[in-house]
Each structure stands twice: as structure tokens, then as C-alpha cells.
Amino acid sequence: MSLRLYNSASRKKETFKPIRNGEVGIYVCGVTVYDLCHIGHARSAIVFDILVRYLRARGFKVTYVRNFTDVDDKIIERSKETGEDTTALAERYIHAFCEDMLALGVLNADVEPRATEHIDDIIDMIGRLVEKGFAYVDDSDVYFSVEKFDTYGQLSGRRLEEMVAGARIAVDEKKKHPMDFVLWKGAKPGEPKWKSPWGEGRPGWHIECSAMSCRYLGANFDIHGGGRDLIFPHHENERAQAMAANGVNFARYWVHNGFVTVESEKMSKSLGNFITIRDALQSYHPQELRLFLLSKHYRSPLDFSRSALLEARCGLIRIYRTLQRLEETVGPSKGNSRGIITPFLATSDGDSFKDQFISVMDDDLNTAAGLGLIFDKVRDINRVMDSSVKSRDIRSRLIQERRDLLDCGKALGLLEEEPSKFFQEIVETPSEIDTEEIEKMIQGRDAARRAKDWARADAIREELSKKGIILEDGPKGTKWRFRIEGSG
RNA sequence: GGCGGCAUAGCCAAGUGGCUAAGGCAGCGGUCUGCAAAACCGUUUGACACCGGUUCGAGUCCGGUUGCCGCCUCCA
């Protein structure tokens with residue numbers, strides 16, 4: 001079995017073969033840090049988090065690079081609005097991004113480079129492009145000449161003529177061809193600037209990613225990722241620059257995630273339906289968001305809605321209830337340290353559950369099918385726990401099944417919480433809770449039940465229910481829990 | 001205008017030629033329970049947008065129709 005990935009460049013699924021056996025270099029376009037990140041960024045981050053987790057679980061040695069664009073028009077614009085220095089502004093949003101990722105359980109990349117820390121690399125690459133005749137200088141601006149690069153448009157599947165015909169923006173007089181794009185921008189007064197052979201200025205948007213990816217992964221590397229919308233012009237231009245400058249192929253596989261819509265509409269500032277990650281985390285648990293994001297294939301559009309999130313919550317609760325019940329039955333799980341990915345899916349051990357999981361995930365990361373398998377396994381485990389047979393065999397079987405379940409969960413960044421902690425986090429804890437009072441009421445109800453005074457017992461249960469407390473009678477006595485919003 | 005994507009039960013969503021079309025949520029019936037909750041079992045009478053074609057056989061391939069969406073401009 002081997003991993004197959006959809007390659008945007010060829011527009012089909014291809015068997016993944018790394019350049020160096022067993023090693024993978026992956027570069028993902030991160031964020032431009034001029035504002036808080038929204039759930040679309042979260043989807044992208046989580047998709048590639050899972051790609052990296054899965055590659056590692058399958059035994060690849062992965063070098064994951066995810067950049068920050070910390071110099072750019074939007075940052076400058078925003079800094080003018082707020083009066084804040086561009087560096088401080090960028091720093092603030094980088095910090096916010098890191099907080100968001102931590103909250104979402106997205107693992108850090110191995111390298112998280114910033115554009116402003118690679119100005120030398122950028123200038124060097126632009127210099128080579130000018131030298132080789134792929135770029136031309138006009139004043140203190142430098143442009144890439146798309147006509148000089150034979151395969152321009154190949155990645156996004158466009159022809160230069162068509163793009164010119166469909167262009168809807170005014171053409172910059174300085175450009176030799178309407179589709180030419182800027183590599184280096186001369187600085188206007190008050191803008192951040194660096195010295196260069198073409199005068200003081202700053203890099204264009206696309207060049208930084210070409211420079212930084214090649215710097216850390218080599219001119220020719222395995223996987224380049226980002227949101228769908230980056231295919232053109234960003235990735236097309238990145239590819240053109242890097243290939244022109246280095247004279248070798250650039251990324252082998254281009255992986256792009258689909259968009260998030262909100263209540264069926266595209267998320268945009270003008271519509272006012274822009275949901276930041278921290279807004280979402282106010283209402284939903286990170287694990288809910290992750291389960292929701294994984295419930296659909298990463299390349300398909302995904303609609304964010306309250307009902308969909310609550311549905312994800314119900315499913316997640318189902319899984320965690322089983323995990324909690326397992327703890328009560330066979331004790332807590334051990335050795336499941338969070339965020340550490342060992343190659344637990346590297347080899348097939350003949351176990352049909354893991355094999356099936358590998359087989360669906362190998363098929364272009366079919367997380368939706370993977371979740372289906374996880375739910376199947378949950379039912380299996382519940383069934384075993386429901387059966388009246390109690391033996392040592394069953395105990396060890398349950399422990400093994402949980403191990404498999406948690407391994408697959410880990411590849412998806414799910415099920416890494418302790419069940420009790422998860423339930424504690426997910427409930428809306430009532431402001432006034434008096435545990436002793438609750439216990440007392442339950443004792444009172446027990447007495448009533450023993451006396452078969454059902455009316456009184458039910459009245460007590462109803463009273464507790466009003467406080468958001470749900471009772472569950474079992475063979476070992478009565479347990480209580482908080483009601484979870486959107487669920488029982 | 002150009003390029004591309006999507007249409008599967010009440011809702012969400014897998015499925016890329018072949019046994020009775022995953023899974024989740026919701027509903028309904030049952031087991032358990034004093035009744036519930038949770039769990040389990042069953043179930044939602046013909047779910048694959050429509051029309052043609054290829055094939056022994058298509059949700060799955062090809063052509064067309066309709067509807068929705070994305071990109072072509074900053075955008076994850």
C-alpha cells in the first residue's frame with residue numbers, strides 16, 4: 001500500500017514518491033499577519049497538520065516548513081490605519097496565530113520562517129532572475145517577465161492569452177506584459193524598506209515563498225501546500241520564479257485545500273460573516289472543530305454552521321463516552337503522549353482495523369472514511385463492553401482495541417484528550433454549582449427510590465435537570481454529569 | 001466571457017464499473033431501566049439531479065440538460 005495524493009499540477013491522484021527515500025520536505029504557505037486568523041485558515045492549518053501527522057505515522061521523516069508573510073501591502077495598509085509600526089503589528093498577529101494553533105492542537109512546523117528574515121535570500125534570487133533575463137528592472141522596481149518562462153500557467157491550467165483577455169484590472173504602465181508581476185517594490189516614504197541592488201524597497205508577495213522553500217528544502221522538494229485560492233496567482237508565480245532562478249523543477253506535488261463557507265455563503269468581511277478562530281473557540285471545543293473539519297474531504301468546500309458543529313459535537317461525545325467507559329472498565333490508557341508522532345502506521349500488522357484506516361487515508365487522505373471506521377470501532381468496543389462475558393481475554397482485547405482507536409485518532413489529531421478533561425471542557429458549567437448539594441439530593445432520591453416513592457425520586461431528578469444536571473442510574477449506583485448544549 | 005468543481009436518504013457525508021450503496025446526526029420501534037439517561041439491536045416502505053450513450057453490468061466512464069459553487073483581482 002502506498003499513499004496517493006491529488007496533485008493540483010496534474011489534476012489527478014498520483015502515487016506519492018518522495019525525492020529522497022523515506023524523507024519528505026513539505027512547504028505550506030502560512031498566513032499574512034495583518035489580522036486575526038479565521039476558520040478558513042484553521043481548515044488549511046488542520047489539513048496540513050494531518051498530512052504531516054499521517055506522513056510521520058506512516059514512517060516518513062518529514063521536514064515541515066510553514067512561513068509567515070510579515071511584510072506586504074495589507075500589513076502596511078493596516079499599520080497606517082492603526083498607527084502601529086509594521087513590525088509590531090506583524091509580531092502581534094504572529095503571536096495570535098501561534099495561540100490559535102496551540103488551542104486547535106495544530107503541531108508546530110519544524111521551520112517557521114518569516115519573510116523579513118530572508119531578505120538576503122530573496123535579493124539573491126531576484127538577482128539571479130535579472131541575470132538570467134527572466135526579470136527586468138524599471139527604476140527601483142523589478143518585474144518578472146512571464147513571457148520568458150515557457151511553462152507559465154501550467155500549474156493553474158491557464159494560457160497567457162486567456163488571462164490577458166479576461167483581465168479585469170488596469171495594467172501597470174511599467175509592465176512589459178500585463179501578467180508580469182513585481183519581484184521587488186521600490187519603497188515609498190514611510191514604508192518598510194531594505195537595501196538592494198535596485199534601491200531601497202521590499203519584496204513582492206510571491207518571491208518570499210520561493211526563496212524560503214528552496215532555502216530550507218532545496219530547489220526541488222516534495223510537497224507544496226496551501227488554500228485553493230493560492231493556485232493562481234501565488235503558486236503559479238512562485239513556481240515560475242523558483243524554476244527560472246534555479247533551472248530545476250520546483251515542488252513535485254501541489255496540495256490545495258478547499259474553502260470554508262459560512263451558512264452557505266462565502267466568508268468575507270463585507271458580508272460580515274467572518275468567523276475568527278478565537279470566535280469559534282468561544283462556542284466550540286477544538287476537538288469539535290477538528291472533527292467537523294475532517295468530516296468532509298479536504299478538497300471539497302465545507303459549510304460552517306451551528307447545526308453542523310453541534311452534530312460534530314454529538315458524534316465526538318459518543319466517542320469520548322466510549323473512551324470514558326473504557327477507562328472505567330480497563331483503566332486509563334498509557335503512553336499516549338500528546339503531539340508525539342511515532343511511526344505507528346508504518347507497517348501493516350495484519351490487524352484489519354488499522355489496515356482499513358491506512359487504506360482509506362492512503363487514498364488522498366480520506367478522513368471522512370477514516371472517521372467512519374472510527375465510529376465502527378466505537379460500536380464494536382461498546383458491544384464488547386455490553387456483553388455479559390467477562391474474562392481476561394476480553395480485557396486485553398479491549399486494551400488493544402483502544403490502542404488502535406487512539407493511534408488512528410492521533411493521526412487525525414483527535415481523541416488525545418483524557419475523557420474526563422474533555423467532558424469538563426465541553427460543558428457549560430453552571431455558575432453556581434454545589435457538589436455537596438447535588439450529592440445530597442442524589443442520596444435523597446436514592447432513599448425515595450428504595451422506598452419506591454417514584455414521584456419524589458422523579459421530582460428530585462427534575463429539579464437537578466433544571467440545574468443542568470443529568471442523572472444516569474447504573475448497576476454501581478447513580479452517576480451525574482452536566483448537560484451538554486446541543487446534546488443530551 | 002475563459003477555466004474548474006459539485007449534485008448520494010429528513011440533514012451532514014464516504015463511495016471513482018460488479019455481492020444486500022460506509023459512517024454520523026435527527027426520528028421511530030425494541031432491549032436495559034420503576035420511569036428515564038447512556039449503551040446496544042432494528043428501522044426510516046424504491047437516497048445516487050435529469051436525459052441519452054458505452055458495457056454482460058454504472059452512483060462510479062462518455063455526451064447533453066438543469067441547478068449550485070469556486071477561480072480568473074488581495075484572499076487559506
# chains A, B, ... in the order shown; residues from 1 in each chain; ligands from 1
>>> interface_residues(of="chain A", to="chain B", cutoff="8 Å", atoms="only C-alpha atoms (C1' of nucleotides)", output="ChimeraX atom specification")
/A:31,40-44,157-158,162-163,166-169,226-230,232,257,259,295-296,308,311-312,314-315,368-369,371-373,375-376,382-383,386,452,454,470-473
>>> residues_around(residues="range 42-57 of chain B", least_positions_apart="5", cutoff="12 Å", atoms="only C-alpha atoms (C1' of nucleotides)", output="PyMOL selection string")
chain B and resi 6-10+15+17-18+21+26-31+62-68
>>> write_last_selection(atoms="N, CA, C and O atoms (P, O5', C5', C4', C3', O3' and C1' of nucleotides)", output="short mmCIF file (atom, residue, chain, number, x, y, z; two decimals), in the first residue's frame")
data_model
loop_
_atom_site.label_atom_id
_atom_site.label_comp_id
_atom_site.auth_asym_id
_atom_site.auth_seq_id
_atom_site.Cartn_x
_atom_site.Cartn_y
_atom_site.Cartn_z
P C B 6 -15.94 17.04 -8.97
"O5'" C B 6 -17.23 17.44 -8.13
"C5'" C B 6 -17.12 17.75 -6.75
"C4'" C B 6 -18.41 18.37 -6.28
"C3'" C B 6 -19.65 17.55 -6.54
"O3'" C B 6 -19.80 16.54 -5.56
"C1'" C B 6 -20.05 19.80 -7.12
P A B 7 -20.96 15.45 -5.74
"O5'" A B 7 -22.21 16.33 -5.36
"C5'" A B 7 -23.38 15.76 -4.78
"C4'" A B 7 -24.57 16.55 -5.27
"C3'" A B 7 -25.73 15.67 -5.74
"O3'" A B 7 -26.85 15.83 -4.88
"C1'" A B 7 -25.24 17.42 -7.28
P U B 8 -26.74 15.52 -3.31
"O5'" U B 8 -26.71 13.94 -3.29
"C5'" U B 8 -27.66 13.21 -4.05
"C4'" U B 8 -27.61 11.78 -3.64
"C3'" U B 8 -27.92 11.51 -2.17
"O3'" U B 8 -29.33 11.45 -1.96
"C1'" U B 8 -25.97 10.33 -2.77
P A B 9 -30.05 12.30 -0.92
"O5'" A B 9 -31.48 11.62 -0.77
"C5'" A B 9 -32.41 12.01 0.26
"C4'" A B 9 -32.86 10.75 0.99
"C3'" A B 9 -33.31 10.98 2.43
"O3'" A B 9 -34.72 10.81 2.49
"C1'" A B 9 -31.85 9.13 2.23
P G B 10 -35.64 12.00 2.19
"O5'" G B 10 -35.70 12.79 3.56
"C5'" G B 10 -36.47 13.99 3.65
"C4'" G B 10 -35.98 14.80 4.80
"C3'" G B 10 -34.49 15.13 4.76
"O3'" G B 10 -34.23 16.25 3.96
"C1'" G B 10 -35.05 14.32 6.89
P G B 15 -14.62 9.23 -1.22
"O5'" G B 15 -15.12 7.91 -1.91
"C5'" G B 15 -14.71 6.64 -1.39
"C4'" G B 15 -15.77 5.63 -1.73
"C3'" G B 15 -15.99 5.41 -3.22
"O3'" G B 15 -15.16 4.34 -3.61
"C1'" G B 15 -18.07 5.65 -2.10
P G B 17 -13.06 2.27 -10.73
"O5'" G B 17 -14.21 1.21 -11.05
"C5'" G B 17 -15.53 1.64 -10.92
"C4'" G B 17 -16.49 0.54 -11.22
"C3'" G B 17 -15.90 -0.86 -11.36
"O3'" G B 17 -15.73 -1.55 -10.11
"C1'" G B 17 -17.51 -0.42 -13.07
P G B 18 -16.93 -1.63 -8.94
"O5'" G B 18 -18.05 -2.57 -9.56
"C5'" G B 18 -19.43 -2.38 -9.21
"C4'" G B 18 -20.08 -3.74 -9.03
"C3'" G B 18 -19.36 -4.58 -7.99
"O3'" G B 18 -20.01 -4.46 -6.74
"C1'" G B 18 -19.69 -5.79 -10.06
P A B 21 -27.25 -2.27 -1.91
"O5'" A B 21 -26.13 -1.76 -0.92
"C5'" A B 21 -24.76 -1.77 -1.31
"C4'" A B 21 -24.17 -0.41 -1.05
"C3'" A B 21 -24.72 0.28 0.19
"O3'" A B 21 -24.03 -0.21 1.32
"C1'" A B 21 -24.62 1.80 -1.61
P A B 26 -28.62 12.83 17.77
"O5'" A B 26 -29.92 13.17 16.91
"C5'" A B 26 -30.38 14.51 16.82
"C4'" A B 26 -31.55 14.58 15.87
"C3'" A B 26 -32.69 13.61 16.15
"O3'" A B 26 -33.54 14.08 17.18
"C1'" A B 26 -32.18 13.56 13.86
P G B 27 -34.26 13.03 18.12
"O5'" G B 27 -35.29 12.32 17.14
"C5'" G B 27 -36.32 13.08 16.55
"C4'" G B 27 -37.14 12.22 15.63
"C3'" G B 27 -37.67 10.92 16.24
"O3'" G B 27 -38.82 11.14 17.03
"C1'" G B 27 -36.80 10.49 14.09
P C B 28 -39.13 10.17 18.25
"O5'" C B 28 -39.53 8.80 17.52
"C5'" C B 28 -40.70 8.73 16.72
"C4'" C B 28 -40.77 7.39 16.03
"C3'" C B 28 -40.65 6.18 16.96
"O3'" C B 28 -41.87 5.88 17.62
"C1'" C B 28 -39.28 5.86 15.07
P G B 29 -41.79 5.24 19.10
"O5'" G B 29 -41.38 3.74 18.80
"C5'" G B 29 -42.32 2.86 18.18
"C4'" G B 29 -41.69 1.53 17.91
"C3'" G B 29 -41.06 0.83 19.12
"O3'" G B 29 -42.01 0.18 19.94
"C1'" G B 29 -39.58 0.71 17.29
P G B 30 -41.69 0.08 21.52
"O5'" G B 30 -40.48 -0.95 21.57
"C5'" G B 30 -40.73 -2.33 21.27
"C4'" G B 30 -39.42 -3.08 21.16
"C3'" G B 30 -38.61 -3.24 22.44
"O3'" G B 30 -39.13 -4.28 23.28
"C1'" G B 30 -37.17 -2.67 20.67
P U B 31 -38.88 -4.20 24.85
"O5'" U B 31 -37.33 -4.54 24.97
"C5'" U B 31 -36.84 -5.85 24.66
"C4'" U B 31 -35.35 -5.92 24.92
"C3'" U B 31 -34.94 -5.51 26.33
"O3'" U B 31 -35.09 -6.58 27.25
"C1'" U B 31 -33.52 -4.47 24.74
P C B 62 -15.78 10.68 -17.87
"O5'" C B 62 -16.45 10.48 -19.29
"C5'" C B 62 -15.66 10.20 -20.44
"C4'" C B 62 -16.54 10.17 -21.66
"C3'" C B 62 -17.46 11.37 -21.80
"O3'" C B 62 -16.80 12.48 -22.40
"C1'" C B 62 -18.70 9.39 -22.14
P G B 63 -17.30 13.95 -21.97
"O5'" G B 63 -18.65 14.08 -22.80
"C5'" G B 63 -18.61 14.13 -24.23
"C4'" G B 63 -20.02 14.22 -24.76
"C3'" G B 63 -20.89 15.31 -24.16
"O3'" G B 63 -20.63 16.58 -24.73
"C1'" G B 63 -22.12 13.30 -24.23
P G B 64 -20.88 17.87 -23.82
"O5'" G B 64 -22.47 17.96 -23.73
"C5'" G B 64 -23.24 18.26 -24.90
"C4'" G B 64 -24.70 18.04 -24.62
"C3'" G B 64 -25.31 18.90 -23.52
"O3'" G B 64 -25.64 20.20 -23.96
"C1'" G B 64 -26.01 16.67 -23.24
P U B 65 -25.77 21.37 -22.87
"O5'" U B 65 -27.08 20.97 -22.07
"C5'" U B 65 -28.37 21.03 -22.70
"C4'" U B 65 -29.45 20.76 -21.68
"C3'" U B 65 -29.40 21.64 -20.45
"O3'" U B 65 -29.99 22.90 -20.65
"C1'" U B 65 -29.68 19.38 -19.80
P U B 66 -29.44 24.14 -19.82
"O5'" U B 66 -30.02 23.88 -18.36
"C5'" U B 66 -31.42 23.83 -18.15
"C4'" U B 66 -31.71 23.35 -16.75
"C3'" U B 66 -31.02 24.12 -15.64
"O3'" U B 66 -31.70 25.33 -15.32
"C1'" U B 66 -30.77 21.81 -15.24
P G B 67 -30.87 26.55 -14.76
"O5'" G B 67 -30.46 26.10 -13.30
"C5'" G B 67 -31.47 25.91 -12.31
"C4'" G B 67 -30.86 25.31 -11.07
"C3'" G B 67 -29.67 26.07 -10.49
"O3'" G B 67 -30.07 27.18 -9.71
"C1'" G B 67 -29.18 23.76 -10.56
P C B 68 -29.04 28.40 -9.55
"O5'" C B 68 -27.94 27.79 -8.57
"C5'" C B 68 -28.21 27.61 -7.19
"C4'" C B 68 -27.06 26.92 -6.52
"C3'" C B 68 -25.72 27.67 -6.55
"O3'" C B 68 -25.65 28.72 -5.61
"C1'" C B 68 -25.35 25.41 -7.09
#
>>> residues_around(residues="Ser145 in chain A", least_positions_apart="5", cutoff="9 Å", atoms="only C-alpha atoms (C1' of nucleotides)", output="mmCIF file with C-alpha atoms, in the first residue's frame")
data_model
loop_
_atom_site.group_PDB
_atom_site.id
_atom_site.type_symbol
_atom_site.label_atom_id
_atom_site.label_comp_id
_atom_site.auth_asym_id
_atom_site.auth_seq_id
_atom_site.Cartn_x
_atom_site.Cartn_y
_atom_site.Cartn_z
ATOM 1 C CA GLY A 133 16.951 37.572 -18.242
ATOM 2 C CA PHE A 134 13.708 36.429 -16.577
ATOM 3 C CA ALA A 135 13.301 39.741 -14.801
ATOM 4 C CA TYR A 136 13.698 43.374 -15.767
ATOM 5 C CA LYS A 175 4.888 46.181 -17.158
ATOM 6 C CA LYS A 176 6.061 44.803 -20.450
ATOM 7 C CA HIS A 177 3.302 42.205 -20.360
ATOM 8 C CA MET A 179 0.627 39.456 -16.466
ATOM 9 C CA ASP A 180 4.125 40.365 -15.361
ATOM 10 C CA PHE A 181 4.345 40.670 -11.610
#
>>> closest_residue(among="A:Gly83, A:Gly247, A:Gly186, A:Gly105", to="Gly413 in chain A", atoms="only C-alpha atoms")
A:Gly105
>>> select_by_dssp(residues="range 28-270 of chain A", states="strand (DSSP E or B)", output="VMD selection string")
chain A and resid 28 to 32 38 61 to 69 111 114 135 to 138 141 to 144 181 to 186 194 201 to 203 223 to 227 253 to 257 260 to 262 265 to 266
>>> atom_distance(atom1="CA of Leu415 in chain A", atom2="CA of Gly370 in chain A")
13.4 Å
>>> select_by_dssp(residues="range 28-148 of chain A", states="alpha helix (DSSP H)", output="number ranges by chain")
A: 39-57, 73-82, 86-104, 119-131
>>> atom_distance(atom1="CA of Val71 in chain A", atom2="CA of Lys269 in chain A")
21.5 Å
